[in-house]
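Chemist: The structure follows.
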Amino acid sequence: MTAATDVVVIGAGLAGLAAASRLVDAGAEVVVLEARERVGGRTLTLPAADGTPIDHGGQWIGPTQDRIAALADRVGVTTYASYEHGLNTEFRDGRAHRFDGQLPDGSDPVSAVAMGQAIRELDAMAARVPLEAPWTAADALVWDSQTVETWLQDRVSAERARNWLRAVIRGTLAAEARDLSLLHTLFVIRSAGGIAPLIATAGGAQERRFHGGAQTISIRLAESLGERVVLGAPAEVVRHGESGVVVEAGGRAVAAGRAILAVPPAIAGRIGYRPAMPGWRNQLTQRVPMGSVIKVHALYDEPFWRREGLSGLAVSDNGPVRIVYDNSPEDGSPGVLVGFIEGQQARTWARRNRADRRAGILACLTDYFGERAGRPRELLERSWADEEYSGGCYAGYFPPGVWTSFGQALREPIGRLHWAGTETATVWTSYMEGAVQSGERAADEVLAAS
């Protein structure tokens, strides 16, 4: 039996749910098909043993992320400030160094100057990337023909500065500088308004967190949509033509006038299309891999590092966990440190057994915050590469050559099929804000075409 509706949305992450809500508000009938048995996509909030909500996926919101803020306000999800008081930690050369401010201390003025100069240069190049069409930048071909790593080797002389910038890139895209097109990285920087907003807590992307966890937004959006959201329905075949669309998903079929596919390009490429996608779209989805990240949480009776004058922020040039934040609840109980194993380290450590990985994680935390950090009462981890319907996090990224060869295929509708997902966003791409923007843009496309 085939159900009928105006628009079928594939994917009940923030992009799909934002699209569905916008369409329903405009009076359209919608069915949302979600492969998982939950909504939220790359946001996932689960209780720890003591009931503390833990964000295993996307979690932060910052200034200029107005769409996700409006959506959270609409469903009654409030925010609180991330903790950032005290000294930060840089672990290098086998020792923990404490520093104040956004960048490591000025004990190495050559590296500090090199970092500042590189950031200014990257920001200036990024400002020349058109957000709607990065492939049309005057230097697009030059930038898309190299990796961030080759640019760093060519333009940044101080090794410590290069290491720090590699960490910034890895922490933003969960991929290595050698993986990433320079053009793509400049596009990401431009979409956020510069490097500073990407790395900052106060005034930046890590400024605030959601009461109850980020997935609460998707859960409440889905509740407002009611039976329009169907779980456990992975899209297997999309039949499309001049008369409409039929999606076959988990033993059911939904017929609609149009479809929005709100999934990463790599996941969209696994769906069967009848007729098949044009070669340029098919080859795009072959070339946008997902980032690699394992997110870990260590829970303690209290945030003991605060009493020692530390913020909980740590960056390192060694070990599996190379960036850590204080992720304690607003009232500071329990104490929670969140760490990220990203890029090559995630690829390597995901293949290790859990006991080895636990030992590696705790060794890092001990190096950064002392012996007490090595004795959490609970240690949680989530490898996003193991998630069948995500394939990785934080988002799909573009290796060299993809933007200039296939960029036009990213958002361009194919007949009655429209594309959403944070990878297709032009503001805060790879973030929750980008996901919401993409869903609203796809919904507007559908409404304009109806």
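Labeling convention for the structure tokens: chains A, B, ... as they appear, residues from 1 per chain, ligands from 1 in order of appearance.
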Write out as a VMD selection string all residues of stretch 200-445 of chain A that backbone DSSP assigns to helix (DSSP H, G or I).
Modeler: chain A and resid 215 to 228 265 to 268 279 to 285 304 to 307 344 to 349 354 to 369 371 to 374 384 to 386 402 to 409 422 to 424 432 to 445
Chemist: Do a neighbour search on stretch 91-102 of chain A at 12 Å with only C-alpha atoms, toss out local chain neighbours closer than 3 positions, and write the hits as a ChimeraX atom specification.
Modeler: /A:84-88,105-107,112,115-116,160,163-164,168,195-204,308-319,321-324,363-370
Chemist: Generate a file of the selected residues that holds N, CA and C atoms, formatted as a compact mmCIF listing (two decimals), in the first residue's frame.
Modeler:
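The result, written out as again-v2.txt:
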# COMPACT_ATOMS: atom_id res chain seq x y z
N GLU A 84 34.25 28.43 31.15
CA GLU A 84 35.56 28.74 30.54
C GLU A 84 36.46 29.57 31.45
N HIS A 85 36.19 29.54 32.75
CA HIS A 85 36.99 30.33 33.68
C HIS A 85 38.27 29.58 34.07
N GLY A 86 39.35 30.32 34.21
CA GLY A 86 40.60 29.71 34.63
C GLY A 86 41.59 29.56 33.48
N LEU A 87 42.71 28.92 33.78
CA LEU A 87 43.77 28.76 32.80
C LEU A 87 43.49 27.57 31.89
N ASN A 88 43.87 27.74 30.63
CA ASN A 88 43.79 26.64 29.66
C ASN A 88 45.09 25.84 29.71
N ASP A 105 50.52 30.39 25.27
CA ASP A 105 51.25 31.55 25.81
C ASP A 105 52.33 32.05 24.86
N GLY A 106 52.78 33.23 25.14
CA GLY A 106 53.74 33.89 24.26
C GLY A 106 55.18 33.55 24.54
N SER A 107 55.46 32.42 25.20
CA SER A 107 56.85 32.06 25.49
C SER A 107 57.63 31.75 24.21
N ALA A 112 54.08 32.43 17.86
CA ALA A 112 52.91 33.29 18.05
C ALA A 112 52.72 34.22 16.85
N MET A 115 51.52 32.13 13.86
CA MET A 115 50.11 31.76 13.98
C MET A 115 49.22 32.94 13.62
N GLY A 116 49.53 34.10 14.18
CA GLY A 116 48.72 35.27 13.90
C GLY A 116 48.72 35.63 12.42
N ARG A 160 55.68 24.65 15.40
CA ARG A 160 54.66 24.69 16.46
C ARG A 160 53.39 25.39 15.95
N ASN A 163 51.54 22.93 13.79
CA ASN A 163 50.84 21.93 14.60
C ASN A 163 49.56 22.50 15.19
N TRP A 164 49.63 23.74 15.66
CA TRP A 164 48.43 24.34 16.25
C TRP A 164 47.35 24.52 15.21
N VAL A 168 43.49 23.05 14.87
CA VAL A 168 42.28 23.84 14.63
C VAL A 168 41.46 23.20 13.51
N ILE A 195 38.09 32.51 11.40
CA ILE A 195 38.64 31.45 12.26
C ILE A 195 38.29 31.69 13.72
N ALA A 196 38.31 32.94 14.16
CA ALA A 196 38.05 33.24 15.57
C ALA A 196 36.72 32.68 16.05
N PRO A 197 35.61 32.88 15.32
CA PRO A 197 34.34 32.29 15.79
C PRO A 197 34.38 30.76 15.84
N LEU A 198 35.18 30.12 14.99
CA LEU A 198 35.24 28.67 15.00
C LEU A 198 35.90 28.13 16.26
N ILE A 199 36.90 28.83 16.77
CA ILE A 199 37.68 28.28 17.88
C ILE A 199 37.30 28.84 19.24
N ALA A 200 36.57 29.95 19.27
CA ALA A 200 36.30 30.62 20.54
C ALA A 200 35.17 29.95 21.31
N THR A 201 35.23 30.08 22.63
CA THR A 201 34.09 29.69 23.48
C THR A 201 33.20 30.92 23.60
N ALA A 202 33.49 31.84 24.52
CA ALA A 202 32.72 33.08 24.58
C ALA A 202 32.89 33.84 23.27
N GLY A 203 31.76 34.20 22.65
CA GLY A 203 31.82 34.90 21.38
C GLY A 203 32.02 34.00 20.18
N GLY A 204 32.06 32.69 20.41
CA GLY A 204 32.32 31.76 19.32
C GLY A 204 31.39 30.56 19.32
N GLU A 308 41.46 23.99 41.04
CA GLU A 308 42.89 24.16 40.76
C GLU A 308 43.15 25.32 39.80
N GLY A 309 42.08 26.07 39.50
CA GLY A 309 42.22 27.26 38.66
C GLY A 309 42.29 26.96 37.18
N LEU A 310 41.78 25.79 36.76
CA LEU A 310 41.83 25.39 35.36
C LEU A 310 40.45 25.44 34.73
N SER A 311 40.42 25.78 33.44
CA SER A 311 39.16 25.91 32.71
C SER A 311 38.60 24.57 32.25
N GLY A 312 39.46 23.56 32.15
CA GLY A 312 39.05 22.28 31.58
C GLY A 312 39.36 22.18 30.09
N LEU A 313 39.75 23.30 29.47
CA LEU A 313 40.15 23.26 28.06
C LEU A 313 41.60 22.81 27.97
N ALA A 314 41.83 21.80 27.15
CA ALA A 314 43.19 21.32 26.92
C ALA A 314 43.37 21.00 25.45
N VAL A 315 44.55 21.35 24.92
CA VAL A 315 44.92 20.98 23.56
C VAL A 315 46.27 20.27 23.64
N SER A 316 46.48 19.32 22.73
CA SER A 316 47.69 18.51 22.80
C SER A 316 48.20 18.20 21.42
N ASP A 317 49.50 17.92 21.33
CA ASP A 317 50.09 17.50 20.07
C ASP A 317 50.38 16.01 20.05
N ASN A 318 49.81 15.28 21.03
CA ASN A 318 50.13 13.86 21.15
C ASN A 318 48.97 13.10 21.77
N GLY A 319 48.92 11.81 21.53
CA GLY A 319 47.90 10.96 22.14
C GLY A 319 46.60 10.95 21.36
N VAL A 321 43.43 11.67 22.46
CA VAL A 321 42.52 12.78 22.78
C VAL A 321 43.32 14.08 22.75
N ARG A 322 43.09 14.90 21.71
CA ARG A 322 43.92 16.08 21.53
C ARG A 322 43.20 17.39 21.82
N ILE A 323 41.92 17.30 22.17
CA ILE A 323 41.22 18.50 22.63
C ILE A 323 40.18 18.08 23.65
N VAL A 324 40.09 18.85 24.74
CA VAL A 324 39.18 18.55 25.86
C VAL A 324 38.52 19.84 26.30
N ALA A 363 45.10 8.03 29.95
CA ALA A 363 46.48 8.53 30.00
C ALA A 363 46.52 9.99 29.56
N CYS A 364 45.75 10.34 28.53
CA CYS A 364 45.70 11.73 28.08
C CYS A 364 45.14 12.64 29.17
N LEU A 365 44.01 12.25 29.75
CA LEU A 365 43.38 13.09 30.77
C LEU A 365 44.30 13.27 31.98
N THR A 366 45.04 12.23 32.33
CA THR A 366 46.00 12.32 33.44
C THR A 366 47.12 13.30 33.10
N ASP A 367 47.60 13.22 31.88
CA ASP A 367 48.65 14.16 31.45
C ASP A 367 48.17 15.60 31.56
N TYR A 368 46.93 15.85 31.22
CA TYR A 368 46.42 17.22 31.16
C TYR A 368 46.03 17.76 32.53
N PHE A 369 45.42 16.89 33.38
CA PHE A 369 44.80 17.39 34.62
C PHE A 369 45.23 16.65 35.89
N GLY A 370 46.19 15.75 35.79
CA GLY A 370 46.69 15.08 36.98
C GLY A 370 46.04 13.72 37.23
Chemist: Would you mind reading off the distance between atom CA of A:Arg220 and atom CA of A:Pro413, one decimal, in Å?
Modeler: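 A separation of 29.0 Å between them.
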Chemist: When you count only C-alpha atoms, which of these residues is closest to A:Ala255: A:Met290, A:Leu225, A:Val238, A:Ile271?
Modeler: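 Counting only C-alpha atoms, the residue closest to A:Ala255 is A:Val238.
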Chemist: Can you tell me, as a compact mmCIF listing (two decimals) with N, CA and C atoms, in the first residue's frame, what residues are no more than 8 Å from A:Ile68 when counting only C-alpha atoms, ignoring any on the same chain fewer than 5 positions away?
Modeler:
# COMPACT_ATOMS: atom_id res chain seq x y z
N ILE A 61 26.17 26.01 20.69
CA ILE A 61 25.56 27.08 19.89
C ILE A 61 26.29 28.37 20.24
N MET A 432 25.14 22.65 13.44
CA MET A 432 23.68 22.55 13.54
C MET A 432 23.00 23.73 12.87
N GLU A 433 23.58 24.90 12.99
CA GLU A 433 23.03 26.08 12.32
C GLU A 433 22.93 25.85 10.82
N VAL A 436 19.97 23.56 9.94
CA VAL A 436 18.66 24.24 9.95
C VAL A 436 18.52 25.12 8.70
Chemist: Quick one: residues within 12 Å of A:Glu387, only C-alpha atoms, excluding same-chain residues fewer than 6 positions away - as an mmCIF file with C-alpha atoms, in the first residue's frame?
Modeler:
data_model
loop_
_atom_site.group_PDB
_atom_site.id
_atom_site.type_symbol
_atom_site.label_atom_id
_atom_site.label_comp_id
_atom_site.auth_asym_id
_atom_site.auth_seq_id
_atom_site.Cartn_x
_atom_site.Cartn_y
_atom_site.Cartn_z
ATOM 1 C CA ALA A 35 16.062 5.181 9.003
ATOM 2 C CA ARG A 36 16.901 5.093 12.697
ATOM 3 C CA GLY A 41 20.586 12.638 13.227
ATOM 4 C CA ARG A 42 24.030 13.729 14.357
ATOM 5 C CA THR A 43 22.679 15.016 17.663
ATOM 6 C CA LEU A 44 22.216 12.346 20.335
ATOM 7 C CA HIS A 56 27.247 12.350 22.251
ATOM 8 C CA GLY A 57 26.812 14.397 19.047
ATOM 9 C CA ILE A 267 24.506 8.546 2.623
ATOM 10 C CA MET A 290 32.587 11.919 6.330
ATOM 11 C CA SER A 292 36.149 10.720 11.695
ATOM 12 C CA VAL A 293 35.506 11.337 15.395
ATOM 13 C CA ILE A 294 35.100 9.439 18.642
ATOM 14 C CA CYS A 393 30.935 13.251 11.918
#
Chemist: In Å, rounded to a single decimal, give me how far atom CA of A:Val296 is from atom CA of A:Thr429.
Modeler: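 Between atom CA of A:Thr429 and atom CA of A:Val296 the gap is 23.3 Å.
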Chemist: Using only C-alpha atoms, can you tell me which of A:Ala48, A:Gly401, A:Val245, A:Leu221 comes closest to A:Val9?
Modeler: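 Of A:Ala48, A:Gly401, A:Val245, A:Leu221, the one nearest A:Val9, counting only C-alpha atoms, is A:Val245.
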Chemist: Name the residues in contact with A:Leu362 at a cut-off of 8 Å, using only C-alpha atoms, excluding same-chain residues fewer than 3 positions from it; report them as JSON, numbers by chain.
Modeler: {"A": [358, 359, 365, 366, 373, 374, 375]}
Chemist: Just to be explicit: take each residue in the selection above, keep C-alpha atoms, and write the result as a short mmCIF file (atom, residue, chain, number, x, y, z; two decimals), in the first residue's frame.
Modeler:
data_model
loop_
_atom_site.label_atom_id
_atom_site.label_comp_id
_atom_site.auth_asym_id
_atom_site.auth_seq_id
_atom_site.Cartn_x
_atom_site.Cartn_y
_atom_site.Cartn_z
CA ARG A 358 40.15 3.42 27.57
CA ALA A 359 43.78 3.27 28.73
CA LEU A 365 43.38 13.09 30.77
CA THR A 366 46.00 12.32 33.44
CA ALA A 373 41.53 12.75 35.99
CA GLY A 374 42.56 9.15 35.37
CA ARG A 375 39.92 7.83 37.78
#
Chemist: Mind checking DSSP for stretch 41-250 of chain A and telling me the strand (DSSP E or B) residues as an MDAnalysis selection string?
Modeler: chainID A and resid 45:47 53:55 60:61 79:81 87:92 95:99 147 181 208:210 229:230 235:241 244:249
Chemist: If we count only C-alpha atoms, what is near A:Ala126 at a cut-off of 7 Å, once residues fewer than 6 positions away on the same chain are taken out, given as a PyMOL selection string?
Modeler: chain A and resi 186-187+189-190
Chemist: Take the selection from the previous step and output its residues with C-alpha atoms, as a PDB file, in the first residue's frame.
Modeler:
ATOM      1  CA  LEU A 186      38.335  28.517   3.261  1.00  0.00           C
ATOM      2  CA  PHE A 187      34.631  28.019   2.510  1.00  0.00           C
ATOM      3  CA  ILE A 189      35.940  29.528   7.539  1.00  0.00           C
ATOM      4  CA  ARG A 190      33.931  32.053   5.510  1.00  0.00           C
TER       5      ARG A 190
END
Chemist: What separation in Å, quoted to one decimal, exists between atom CA of A:Gly40 and atom CA of A:Gly58?
Modeler: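 Interatomic distance here is 9.7 Å.
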Chemist: Write out as a tab-separated table (two decimals) with N, CA and C atoms, in the first residue's frame each polymer residue whose atoms come within 10 Å of A:Trp151, counting only C-alpha atoms; drop sequence neighbours fewer than 4 positions from it.
Modeler:
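Contents of the output file result.tsv:
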chain	number	residue	atom	x	y	z
A	143	TRP	N	43.33	27.11	-5.25
A	143	TRP	CA	43.06	26.67	-3.88
A	143	TRP	C	42.52	25.24	-3.84
A	146	GLN	N	45.13	22.07	-4.04
A	146	GLN	CA	46.07	21.78	-2.97
A	146	GLN	C	45.33	21.48	-1.68
A	147	THR	N	46.03	20.85	-0.78
A	147	THR	CA	45.47	20.58	0.54
A	147	THR	C	45.85	21.69	1.51
A	155	ARG	N	53.50	28.11	3.60
A	155	ARG	CA	53.28	29.46	4.11
A	155	ARG	C	53.62	29.65	5.59
A	156	VAL	N	53.72	28.59	6.37
A	156	VAL	CA	53.93	28.74	7.82
A	156	VAL	C	55.27	28.08	8.18
A	177	ALA	N	44.66	17.91	7.92
A	177	ALA	CA	44.97	18.97	6.96
A	177	ALA	C	45.33	18.39	5.60
A	178	ARG	N	45.93	17.21	5.60
A	178	ARG	CA	46.31	16.58	4.32
A	178	ARG	C	45.11	16.04	3.55
A	181	SER	N	40.73	19.89	0.88
A	181	SER	CA	40.96	20.95	-0.09
A	181	SER	C	41.11	22.28	0.64
A	182	LEU	N	42.09	23.07	0.25
A	182	LEU	CA	42.23	24.40	0.82
A	182	LEU	C	40.99	25.24	0.53
Chemist: Ranking A:Arg307, A:Glu90, A:Val30, A:Glu440 by minimum distance to A:Arg228 and counting only C-alpha atoms, which one comes first?
Modeler: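 Residue with the minimum atom-to-atom distance to A:Arg228: A:Val30.
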